[in-house]
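Participant: This is the structure I have questions about; it appears just below.
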2 protein chains.
Amino acid sequence: MKFIHTADWHLGKLVHGVYMTEEQREVLHQFAKVVEEEKPDAVVIAGDLYDRSIPPTSAVELLNEMLFKINIELETPIVAISGNHDSSERLSFGSSWFQHSKFYLKGKVDDQFSPVRVNGVNFYCVPYAEPGVIRQLLGDDSVHSHQEAMKALIGKIEKEMDHREVNVFVGHAFVLGGKTSESERTLSVGGSGCVGAELFAPFHYTALGHLHSPDAINHETVRYSGSLLKYSFSEAKQRKSISVVTIEEGGAFSIEEKTLMPKRDMREIEGTLEELLDPSRIQKEQAEDYLKITLHDRGAIIDPMGKLRQAYPNILHLERQIDILDQRKKEGYEMKREGKKSDIDLFADFYSQMTTDSFTAEKRKIMERVIQEARLEADQK
Amino acid sequence: MKFIHTADWHLGKLVHGVYMTEEQREVLHQFAKVVEEEKPDAVVIAGDLYDRSIPPTSAVELLNEMLFKINIELETPIVAISGNHDSSERLSFGSSWFQHSKFYLKGKVDDQFSPVRVNGVNFYCVPYAEPGVIRQLLGDDSVHSHQEAMKALIGKIEKEMDHREVNVFVGHAFVLGGKTSESERTLSVGGSGCVGAELFAPFHYTALGHLHSPDAINHETVRYSGSLLKYSFSEAKQRKSISVVTIEEGGAFSIEEKTLMPKRDMREIEGTLEELLDPSRIQKEQAEDYLKITLHDRGAIIDPMGKLRQAYPNILHLERQIDILDQRKKEGYEMKREGKKSDIDLFADFYSQMTTDSFTAEKRKIMERVIQEARLEADQK
């Protein structure tokens with residue numbers, strides 16, 4: 001049985017004031033082509049189909065168009081859940097009708113823990129939900145964190161599960177753990193939004209959405225597909241892919257990652273204005289890409305954005321390298337650092353050297369509370 | 001063939017700050033009961049399913065629930081269009097899937113003029129659209145008014161129509177005309193939003209939405225069903241109903257109107273505070289109704305709303321009878337009216353006597369233009 005695992009489409013996303021709809025349409029058409037060629041038994045979308053609870057109408061139309069293409073025209077079953085960016089109620093509209101053509105959309109968590117069954121594989125679908133919602137749903141007052149909520153939900157699922165069958169979990173959560181990640185420690189901190197990967201042990205494969213990189217965790221069976229596109233410059237160096245998962249009767253699976261190519265990449269470049277405007281440099285660059293440009297020039301430059309836009313039409317963000325004065329301030333701060341001051345006084349010094357605002361009594365109060373909370377937490381460990 | 005004609009559900013409607021959702025749910029459950037008993041071949045909803053383009057999630061859930069009940073549970077085909085209050089794009093989401101179970105939802109006008117066919121009857125569905133949209137859709141530069149847009153659309157439909165069959169039009173528009181209406185004259189006024197009833201002559205029955213009363217026009221074949229509920233005090237005296245239409249093979253039809261009973265009516269009552277708080281009066285009233293109360297008392301009253309709310313918990317609007325001084329002003333104006341003044345001077349007198357504002361040069365300019373346009377129009381007739 002073969003399915004495609006994707007997530008985090010974020011249709012209707014605005015990046016630095018630019019709607020990504022056309023990029024998304026382009027990449028989703030490539031996605032549909034992969035579906036056409038691979039002929040999977042299902043497409044699994046692990047949440048955040050939209051970027052916000054009330055998406056722009058162009059995003060609504062694009063989602064409708066693409067799901068129609070995949071589900072009706074290509075006759076491919078779809079298993080989808082809502083993520084934290086979707087409105088579970090709005091996304092749910094019509095889902096009872098969608099099932100007729102094997103489009104299984106679970107917008108809201110409910111007390112039905114039976115799976116969607118496609119070609120002998122059970123898909124257990126758990127849309128994103130706040131712990132409070134799960135606490136109320138299950139009538140379980142011990143549920144306060146995402147970890148506890150997920151544990152309780154999987155406990156319910158396990159009661160219904162036949163372990164001799166192939167079971168796949170579809171979820172949208174901030175999952176930590178796995179072979180190389182060193183972040184498990186964070187889980188022990190109260191109130192964290194994280195969920196431990198070990199919870200998904202009952203499943204042969206866990207198809208996640210929420211984190212935007214397929215490398216977000218390194219785990220054998222618990223996986224993020226990565227988002228459809230790069231949605232911020234912090235993702236500029238991330239791979240983006242969809243996963244074609246072929247799963248055997250015993251639950252063993254293999255993965256082939258397919259890369260979708262947006263017309264315009266999202267990248268960071270840097271240099272002086274002169275270097276960046278050098279025709280040989282422009283020729284080497286994919287000048288149409290969405291760019292964050294860091295200028296190395298010092299002192300005043302006249303209309304750098306205007307000049308750069310002529311060569312690089314899709315600059316989303318332009319910044320100057322850190323100011324010399326700020327740099328010197330920082331260095332000065334390091335030298336003046338003394339050992340005897342209280343934390344709050346040290347912070348007050350730091351604040352006044354790093355900003356031009358005054359460190360008011362109100363700010364001091366807030367910071368004192370933060371320091372106290374941090375101490376308490378450190379003591380509890 | 002039997003179908004139910006309804007329209008103007010306006011789910012998500014706020015009346016004087018109160019969401020009507022619970023009233024709507026109550027009445028829609030009665031509606032579903034009528035469907036269950038009458039077993040019609042179709043339910044026709046002629047637009048304004050929602051009250052606004054982005055309805056609250058409770059309205060989205062209610063619509064989903066009711067359409068599911070009617071279409072899936074009661075296995076009744078639904079023919080629906082969007083009205084001017086709906087967002088055609090948002091309402092359209094999923095409509096391709098809905099068709100599987102004979103739920104035909106047309107959110108956006110397009111160049112497909114073929115009908116939805118249910119049990120031998122053709123339903124030609126034309127959602128609400130601005131004339132500009134139709135102008136562009138048909139590439140017909142002569143379309144400027146709603147009258148011209150509807151004429152052009154029906155022209156297209158007529159080309160495809162088989163007049164030997166039974167043809168029903170489903171639309172959402174401000175239609176005037178018919179036996180008793182004297183408002184046809186308005187149609188000749190340029191730029192009006194109205195459409196003449198005579199345009200629908202090719203159809204055996206025209207199921208309209210937009211005006212909220214079944215008595216809005218008195219025409220043999222062109223009909224409004226009326227809205228689901230009373231949605232403003234101006235509708236307090238309107239009948240509200242749904243129409244059960246039984247149509248014969250030749251196109252002859254009979255109508256049975258069914259009245260849905262909201263838990264709370266919307267009514268206007270009046271009297272002095274003392275009269276209204278008299279226990280015998282309260283007992284006679286349906287005190288839980290949504291009320292607009294007009295108080296006859298003169299002079300100061302302390303906290304009338306607080307006192308009235310104790311007896312009438314769902315007052316939506318409270319007002320005092322028109323002030324004596326205003327009344328005297330009006331009477332005085334009538335007496336001083338002279339014959340020799342120009343229209344604009346007469347209006348200036350009227351304005352200053354009826355309001356406390358001054359009739360500024362700017363206001364005079366606007367009024368002069370209005371008078372001039374009115375004269376021009378009168379001359380053209």
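Residue numbering restarts at 1 in every chain; chains get A, B, ... in the order shown in the structure tokens, and ligands count up from 1 in that same order.
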Taking only C-alpha atoms into account, which residues of chain A are within 12 Å of chain B, as a PyMOL selection string?
Facilitator: chain A and resi 53-69+71-73+87-105+107-108
Participant: Keeping only C-alpha atoms, take the residues you just selected and write them out as a PDB file, in the first residue's frame.
Facilitator:
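The resulting file, again_33.pdb, is reproduced below:
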ATOM      1  CA  SER A  53      -8.942  30.311  10.379  1.00  0.00           C
ATOM      2  CA  ILE A  54     -10.499  32.715   7.861  1.00  0.00           C
ATOM      3  CA  PRO A  55      -8.422  32.303   4.698  1.00  0.00           C
ATOM      4  CA  PRO A  56      -8.757  34.692   1.750  1.00  0.00           C
ATOM      5  CA  THR A  57     -11.222  33.551  -0.919  1.00  0.00           C
ATOM      6  CA  SER A  58      -8.373  32.866  -3.352  1.00  0.00           C
ATOM      7  CA  ALA A  59      -7.035  30.254  -0.911  1.00  0.00           C
ATOM      8  CA  VAL A  60     -10.495  28.701  -0.519  1.00  0.00           C
ATOM      9  CA  GLU A  61     -10.764  28.413  -4.292  1.00  0.00           C
ATOM     10  CA  LEU A  62      -7.256  26.967  -4.638  1.00  0.00           C
ATOM     11  CA  LEU A  63      -7.856  24.309  -1.990  1.00  0.00           C
ATOM     12  CA  ASN A  64     -11.177  23.373  -3.578  1.00  0.00           C
ATOM     13  CA  GLU A  65      -9.546  23.134  -7.001  1.00  0.00           C
ATOM     14  CA  MET A  66      -6.618  20.997  -5.858  1.00  0.00           C
ATOM     15  CA  LEU A  67      -8.612  18.603  -3.701  1.00  0.00           C
ATOM     16  CA  PHE A  68     -11.057  18.168  -6.580  1.00  0.00           C
ATOM     17  CA  LYS A  69      -8.190  17.412  -8.944  1.00  0.00           C
ATOM     18  CA  ASN A  71      -9.819  13.234  -5.210  1.00  0.00           C
ATOM     19  CA  ILE A  72     -12.316  13.398  -8.087  1.00  0.00           C
ATOM     20  CA  GLU A  73     -10.274  13.633 -11.266  1.00  0.00           C
ATOM     21  CA  SER A  87     -10.508  26.641  11.856  1.00  0.00           C
ATOM     22  CA  SER A  88     -11.724  23.169  12.684  1.00  0.00           C
ATOM     23  CA  GLU A  89     -15.391  24.228  12.325  1.00  0.00           C
ATOM     24  CA  ARG A  90     -14.977  26.026   9.017  1.00  0.00           C
ATOM     25  CA  LEU A  91     -12.760  23.326   7.531  1.00  0.00           C
ATOM     26  CA  SER A  92     -15.249  20.657   8.612  1.00  0.00           C
ATOM     27  CA  PHE A  93     -18.094  22.052   6.506  1.00  0.00           C
ATOM     28  CA  GLY A  94     -19.223  19.440   4.017  1.00  0.00           C
ATOM     29  CA  SER A  95     -16.998  16.660   5.310  1.00  0.00           C
ATOM     30  CA  SER A  96     -19.948  14.257   5.530  1.00  0.00           C
ATOM     31  CA  TRP A  97     -20.410  14.626   1.765  1.00  0.00           C
ATOM     32  CA  PHE A  98     -16.719  14.289   0.977  1.00  0.00           C
ATOM     33  CA  GLN A  99     -16.663  10.729   2.292  1.00  0.00           C
ATOM     34  CA  HIS A 100     -18.726   9.546  -0.686  1.00  0.00           C
ATOM     35  CA  SER A 101     -15.657   9.844  -2.841  1.00  0.00           C
ATOM     36  CA  LYS A 102     -13.237   8.717  -0.121  1.00  0.00           C
ATOM     37  CA  PHE A 103     -12.140  12.159   0.924  1.00  0.00           C
ATOM     38  CA  TYR A 104     -11.876  11.781   4.696  1.00  0.00           C
ATOM     39  CA  LEU A 105     -11.530  15.170   6.348  1.00  0.00           C
ATOM     40  CA  GLY A 107     -11.687  18.897  11.242  1.00  0.00           C
ATOM     41  CA  LYS A 108     -12.562  18.413  14.905  1.00  0.00           C
TER      42      LYS A 108
END
Participant: With only C-alpha atoms as the counted atoms, please give the residues lying no more than 10 Å from His163 (chain B), apart from itself and same-chain residues fewer than 6 positions off, as a list in words.
Facilitator: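 In the requested form, the answer reads Pro202, Phe203 and His204 of chain B.
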Participant: Write down as a VMD selection string the residues of region 147-299 of chain A whose backbone DSSP state falls under strand (DSSP E).
Facilitator: chain A and resid 166 to 172 174 to 176 194 to 196 205 to 209 222 to 224 242 to 247 253 to 258 266 to 271 290 to 295
Participant: Rank nothing, just name the residue among A:Val116, A:Met261, A:Met20, A:Ile247 nearest to Met1 (chain A), using only C-alpha atoms.
Facilitator: A:Ile247
Participant: One number please: CA of Ser82 (chain A) to CA of Glu26 (chain A), in Å, one decimal.
Facilitator: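 Answer for the CA of Ser82 (chain A) to CA of Glu26 (chain A) separation: 22.5 Å.
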Participant: Looking only at helix (DSSP H, G or I) from DSSP on the backbone, list the matching residues of region 104-248 of chain B as a PyMOL selection string.
Facilitator: chain B and resi 131-138+146-160+184-188+197-200+233-235
Participant: How many Å separate CA of Tyr351 (chain B) from CA of Glu377 (chain B)?
Facilitator: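 For CA of Tyr351 (chain B) relative to CA of Glu377 (chain B), the distance reads 23.7 Å.
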Participant: One decimal, in Å: what's the spacing between CA of Lys13 (chain A) and CA of Tyr50 (chain A)?
Facilitator: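 Straight-line distance from CA of Lys13 (chain A) to CA of Tyr50 (chain A) works out to 7.7 Å.
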Participant: List the spatial neighbours of Leu153 (chain B) as number ranges by chain - criterion: any atom at most 9 Å away, only C-alpha atoms, same-chain residues fewer than 2 positions off excluded.
Facilitator: B: 113, 126, 134, 138, 148-151, 155-158
Participant: Could you turn the residues from that selection into a file that holds N, CA, C and O atoms, as an mmCIF file, in the first residue's frame?
Facilitator:
data_model
loop_
_atom_site.group_PDB
_atom_site.id
_atom_site.type_symbol
_atom_site.label_atom_id
_atom_site.label_comp_id
_atom_site.auth_asym_id
_atom_site.auth_seq_id
_atom_site.Cartn_x
_atom_site.Cartn_y
_atom_site.Cartn_z
ATOM 1 N N PHE B 113 -25.319 27.248 -18.624
ATOM 2 C CA PHE B 113 -26.731 27.575 -18.419
ATOM 3 C C PHE B 113 -27.620 26.345 -18.441
ATOM 4 O O PHE B 113 -28.832 26.450 -18.575
ATOM 5 N N VAL B 126 -29.610 30.743 -10.911
ATOM 6 C CA VAL B 126 -28.817 31.958 -11.128
ATOM 7 C C VAL B 126 -28.554 32.629 -9.783
ATOM 8 O O VAL B 126 -29.430 33.306 -9.235
ATOM 9 N N ILE B 134 -21.807 40.172 -14.560
ATOM 10 C CA ILE B 134 -22.501 39.584 -15.712
ATOM 11 C C ILE B 134 -21.979 40.219 -17.011
ATOM 12 O O ILE B 134 -21.785 39.529 -18.021
ATOM 13 N N LEU B 138 -20.438 37.712 -19.756
ATOM 14 C CA LEU B 138 -21.047 37.525 -21.075
ATOM 15 C C LEU B 138 -20.343 38.357 -22.152
ATOM 16 O O LEU B 138 -20.657 38.240 -23.334
ATOM 17 N N GLU B 148 -30.961 44.633 -16.942
ATOM 18 C CA GLU B 148 -30.252 44.229 -18.167
ATOM 19 C C GLU B 148 -29.490 42.921 -17.962
ATOM 20 O O GLU B 148 -29.433 42.066 -18.847
ATOM 21 N N ALA B 149 -28.892 42.775 -16.759
ATOM 22 C CA ALA B 149 -28.119 41.560 -16.477
ATOM 23 C C ALA B 149 -29.035 40.336 -16.497
ATOM 24 O O ALA B 149 -28.727 39.314 -17.122
ATOM 25 N N MET B 150 -30.191 40.462 -15.835
ATOM 26 C CA MET B 150 -31.106 39.320 -15.760
ATOM 27 C C MET B 150 -31.663 38.997 -17.139
ATOM 28 O O MET B 150 -31.807 37.824 -17.513
ATOM 29 N N LYS B 151 -31.945 40.031 -17.900
ATOM 30 C CA LYS B 151 -32.483 39.833 -19.258
ATOM 31 C C LYS B 151 -31.469 39.060 -20.106
ATOM 32 O O LYS B 151 -31.826 38.111 -20.817
ATOM 33 N N GLY B 155 -31.864 35.333 -21.514
ATOM 34 C CA GLY B 155 -31.699 35.137 -22.963
ATOM 35 C C GLY B 155 -30.828 33.915 -23.255
ATOM 36 O O GLY B 155 -31.145 33.082 -24.110
ATOM 37 N N LYS B 156 -29.730 33.789 -22.515
ATOM 38 C CA LYS B 156 -28.829 32.639 -22.687
ATOM 39 C C LYS B 156 -29.555 31.344 -22.323
ATOM 40 O O LYS B 156 -29.421 30.316 -22.999
ATOM 41 N N ILE B 157 -30.285 31.388 -21.226
ATOM 42 C CA ILE B 157 -30.999 30.186 -20.777
ATOM 43 C C ILE B 157 -32.022 29.763 -21.828
ATOM 44 O O ILE B 157 -32.134 28.579 -22.162
ATOM 45 N N GLU B 158 -32.732 30.738 -22.381
ATOM 46 C CA GLU B 158 -33.796 30.415 -23.340
ATOM 47 C C GLU B 158 -33.265 29.659 -24.551
ATOM 48 O O GLU B 158 -33.968 28.844 -25.144
#
Participant: Determine the nearest neighbour of Glu248 (chain B) from the options B:Glu165, B:Asp110, B:Glu130, B:Asp51, counting only C-alpha atoms.
Facilitator: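 Nearest to Glu248 (chain B): B:Glu165.
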